[in-house]
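Printed here is start.csv (CSV, C-alpha atoms):
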```
chain,number,residue,atom,x,y,z
A,1,MET,CA,137.1,117.1,183.3
A,2,LYS,CA,139.9,116.9,185.8
A,3,ASN,CA,141.0,113.6,184.2
A,4,VAL,CA,141.3,115.2,180.8
A,5,THR,CA,143.3,118.0,182.2
A,6,ASP,CA,145.5,115.6,184.0
A,7,SER,CA,146.2,113.7,180.8
A,8,PHE,CA,147.3,116.8,179.1
A,9,VAL,CA,149.6,117.7,181.9
A,10,SER,CA,151.0,114.2,181.9
A,11,LEU,CA,152.1,114.6,178.3
A,12,GLY,CA,155.0,116.7,179.4
A,13,HIS,CA,156.0,114.0,182.0
A,14,TRP,CA,157.5,110.8,180.6
A,15,PRO,CA,158.3,107.9,182.8
A,16,SER,CA,161.9,106.9,183.1
A,17,ALA,CA,163.3,104.5,180.6
A,18,GLY,CA,164.1,101.8,183.2
A,19,SER,CA,160.6,101.0,184.1
A,20,PHE,CA,158.2,98.9,182.2
A,21,GLY,CA,154.5,99.0,182.6
A,22,PHE,CA,151.2,100.0,181.2
A,23,ASN,CA,150.7,103.5,180.5
A,24,THR,CA,147.1,104.4,180.9
A,25,ASP,CA,147.6,107.9,179.6
A,26,ILE,CA,145.6,107.7,176.3
A,27,LEU,CA,147.0,110.8,174.7
A,28,ALA,CA,150.6,109.8,175.4
A,29,THR,CA,150.3,106.3,174.2
A,30,ASN,CA,148.2,106.7,171.1
A,31,PRO,CA,150.9,108.2,168.8
A,32,ILE,CA,153.2,105.4,169.8
A,33,ASN,CA,150.5,102.7,169.3
A,34,LEU,CA,149.5,104.2,166.1
A,35,SER,CA,153.0,104.3,164.8
A,36,VAL,CA,153.5,100.6,165.8
A,37,VAL,CA,150.2,99.6,164.1
A,38,ILE,CA,151.0,101.6,161.0
A,39,GLY,CA,154.5,100.1,160.9
A,40,VAL,CA,153.2,96.5,161.2
A,41,LEU,CA,150.5,97.2,158.6
A,42,ILE,CA,153.0,98.7,156.2
A,43,PHE,CA,155.4,95.8,156.8
A,44,PHE,CA,152.9,93.0,156.5
A,45,GLY,CA,150.2,94.7,154.5
A,46,LYS,CA,152.5,96.1,151.9
A,47,GLY,CA,152.2,93.1,149.6
A,48,VAL,CA,148.4,92.8,150.0
A,49,LEU,CA,147.9,96.5,149.5
A,50,SER,CA,150.3,96.5,146.5
A,51,ASP,CA,148.3,93.5,145.0
A,52,LEU,CA,145.0,95.3,145.6
A,53,LEU,CA,146.3,98.5,144.0
A,54,ASP,CA,147.8,96.6,141.1
A,55,ASN,CA,144.5,94.7,140.5
A,56,ARG,CA,142.6,98.0,140.7
A,57,LYS,CA,145.1,99.6,138.3
A,58,GLN,CA,144.8,96.6,135.9
A,59,ARG,CA,141.0,96.8,136.0
A,60,ILE,CA,141.1,100.5,135.3
A,61,LEU,CA,143.5,100.0,132.4
A,62,ASN,CA,141.3,97.2,131.0
A,63,THR,CA,138.3,99.4,131.3
A,64,ILE,CA,140.1,102.2,129.5
A,65,ARG,CA,141.3,99.8,126.8
A,66,ASN,CA,137.8,98.4,126.4
A,67,SER,CA,136.4,101.9,126.3
A,68,GLU,CA,139.0,102.9,123.7
A,69,GLU,CA,138.1,99.8,121.6
A,70,LEU,CA,134.4,100.5,121.9
A,71,CYS,CA,135.1,104.1,121.0
A,72,GLY,CA,137.1,103.0,118.0
A,73,GLY,CA,134.3,100.7,116.9
A,74,ALA,CA,131.7,103.4,117.4
A,75,ILE,CA,133.9,105.8,115.3
A,76,GLU,CA,134.1,103.2,112.6
A,77,GLN,CA,130.3,102.6,112.7
A,78,LEU,CA,129.8,106.4,112.7
A,79,GLU,CA,132.1,106.7,109.6
A,80,LYS,CA,130.2,103.9,107.9
A,81,ALA,CA,126.9,105.5,108.7
A,82,ARG,CA,128.2,108.9,107.4
A,83,ALA,CA,129.4,107.2,104.2
A,84,GLY,CA,126.0,105.5,103.9
A,85,LEU,CA,124.2,108.7,104.6
A,86,ARG,CA,126.3,110.5,101.9
A,87,LYS,CA,125.6,107.7,99.5
A,88,VAL,CA,121.9,107.8,100.2
A,89,GLU,CA,121.9,111.6,99.9
A,90,MET,CA,123.7,111.4,96.5
A,91,GLU,CA,121.1,108.8,95.4
A,92,ALA,CA,118.3,110.9,96.7
A,93,ASN,CA,119.7,113.9,94.8
A,94,GLN,CA,120.1,111.8,91.7
A,95,TYR,CA,116.5,110.6,92.0
A,96,ARG,CA,115.4,114.1,92.6
A,97,VAL,CA,117.3,115.4,89.5
A,98,ASN,CA,116.1,112.4,87.5
A,99,GLY,CA,112.5,113.0,88.8
A,100,TYR,CA,112.6,116.7,87.9
A,101,SER,CA,114.0,115.9,84.4
A,102,GLU,CA,111.5,113.1,83.9
A,103,ILE,CA,108.7,115.5,84.9
A,104,GLU,CA,110.1,118.2,82.6
A,105,ARG,CA,110.4,115.6,79.8
A,106,LYS,CA,106.8,114.4,80.3
A,107,LYS,CA,105.6,117.9,80.5
A,108,TRP,CA,107.2,118.7,77.1
A,109,ASN,CA,106.0,115.5,75.6
A,110,LEU,CA,102.5,116.3,76.8
A,111,ILE,CA,102.8,119.8,75.4
A,112,ASN,CA,104.1,118.5,72.1
A,113,SER,CA,101.4,115.8,71.9
A,114,THR,CA,98.7,118.4,72.6
A,115,TYR,CA,100.2,120.7,70.0
A,116,LYS,CA,100.2,117.8,67.4
A,117,THR,CA,96.7,116.9,68.4
A,118,LEU,CA,95.6,120.5,67.9
A,119,GLU,CA,97.3,120.6,64.6
A,120,GLN,CA,95.6,117.4,63.5
A,121,LEU,CA,92.2,118.8,64.7
A,122,GLU,CA,92.9,122.0,62.8
A,123,ASN,CA,93.8,119.9,59.7
A,124,TYR,CA,90.6,117.8,60.1
A,125,LYS,CA,88.6,121.0,60.5
A,126,ASN,CA,90.1,122.5,57.4
A,127,GLU,CA,89.5,119.2,55.4
A,128,THR,CA,85.9,119.1,56.7
A,129,ILE,CA,85.4,122.7,55.7
A,130,GLN,CA,86.9,122.0,52.2
A,131,PHE,CA,84.8,118.9,51.9
A,132,GLU,CA,81.6,120.7,52.9
A,133,GLN,CA,82.5,123.6,50.5
A,134,GLN,CA,83.1,121.2,47.7
A,135,ARG,CA,79.8,119.3,48.4
A,136,ALA,CA,77.9,122.6,48.6
A,137,ILE,CA,79.6,123.7,45.3
A,138,ASN,CA,78.7,120.3,43.7
A,139,GLN,CA,75.1,120.6,44.9
A,140,VAL,CA,74.8,124.1,43.5
A,141,ARG,CA,76.3,122.9,40.2
A,142,GLN,CA,73.8,120.1,40.1
A,143,GLN,CA,70.9,122.4,40.8
A,144,VAL,CA,72.2,124.9,38.2
A,145,PHE,CA,72.8,122.1,35.7
A,146,GLN,CA,69.3,120.7,36.4
A,147,GLN,CA,67.7,124.1,36.1
A,148,ALA,CA,69.7,124.8,32.9
A,149,LEU,CA,68.8,121.4,31.5
A,150,GLN,CA,65.2,121.9,32.4
A,151,GLY,CA,65.3,125.4,30.8
A,152,ALA,CA,67.0,124.0,27.7
A,153,LEU,CA,64.5,121.1,27.4
A,154,GLY,CA,61.7,123.6,27.9
A,155,THR,CA,63.2,125.8,25.2
A,156,LEU,CA,63.8,122.9,22.9
A,157,ASN,CA,60.4,121.4,23.5
A,158,SER,CA,58.8,124.8,22.7
A,159,CYS,CA,61.0,125.3,19.7
A,160,LEU,CA,61.0,121.9,18.3
A,161,ASN,CA,58.4,120.6,16.1
A,162,ASN,CA,58.1,117.1,14.6
A,163,GLU,CA,60.0,117.9,11.5
A,164,LEU,CA,62.9,119.5,13.3
A,165,HIS,CA,62.9,116.7,15.7
A,166,LEU,CA,63.1,114.1,13.0
A,167,ARG,CA,66.0,115.9,11.2
A,168,THR,CA,68.0,116.1,14.6
A,169,ILE,CA,67.5,112.4,15.1
A,170,SER,CA,68.6,111.5,11.6
A,171,ALA,CA,71.6,113.8,11.9
A,172,ASN,CA,72.7,112.1,15.1
A,173,ILE,CA,72.2,108.6,13.5
A,174,ASP,CA,74.4,109.7,10.6
A,175,MET,CA,77.0,110.9,13.0
A,176,LEU,CA,76.9,107.6,14.9
A,177,GLY,CA,77.2,105.6,11.6
A,178,ALA,CA,80.2,107.7,10.5
A,179,MET,CA,81.9,107.0,13.9
A,180,LYS,CA,81.3,103.3,13.5
A,181,GLU,CA,82.9,103.2,10.1
A,182,ILE,CA,86.0,105.1,11.4
A,183,THR,CA,86.4,102.6,14.3
A,184,ASP,CA,86.0,99.6,12.0
```
As structure tokens, the full file:
Amino acid sequence: MKNVTDSFVSLGHWPSAGSFGFNTDILATNPINLSVVIGVLIFFGKGVLSDLLDNRKQRILNTIRNSEELCGGAIEQLEKARAGLRKVEMEANQYRVNGYSEIERKKWNLINSTYKTLEQLENYKNETIQFEQQRAINQVRQQVFQQALQGALGTLNSCLNNELHLRTISANIDMLGAMKEITD
């Protein structure tokens, strides 16, 4: 500890300028040595340090330039992707609108087709009903005619005798003969 104290005390005491020798006082010689080393380093290392700093600066600038180019490319790709997205969204909306209108059109076509089918079925039903009514009317007419004919034949058979029967036949033959003469 005494050596350390002595070295601090010796800071205030400088040797005379006329003597040359080694100063073993570390605290007194260090600033001088450091200034000499720093001066030599600055003088001789200035170019190397400057080159190192220039190279580092150039690498940083190149990195920044590359980053800016990549950023510009990414922005272009982003804009292209956004434009593609807008286009796809517009197409999707168009498909959606077309799909809805197609569904609506098919729905109305189906409703109209069903309505027409129902009308046709109604017409077929009405035609069938009319046909069945006409057939029933014809059957009733035939039965009435047959019953009337049977009744008339029964009445005629009961009323006709041979003489009346012969006169009716001869009257009909005379009528046929007269018709034949008119047509000739």
ask   = Please, what distance in Å, to one decimal, runs between atom CA of Gln143 of chain A and atom CA of Leu164 of chain A?
value =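 Pair atom CA of Gln143 of chain A / atom CA of Leu164 of chain A returns 28.8 Å.
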key: Point-to-point distance from atom CA of Leu153 of chain A to atom CA of Arg167 of chain A, Å rounded to tenths   = 17.1 Å
message = Please compute the atom CA of Leu156 of chain A-atom CA of Ile173 of chain A distance, one decimal, in Å.
response =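 Interatomic distance, atom CA of Leu156 of chain A to atom CA of Ile173 of chain A: 19.1 Å.
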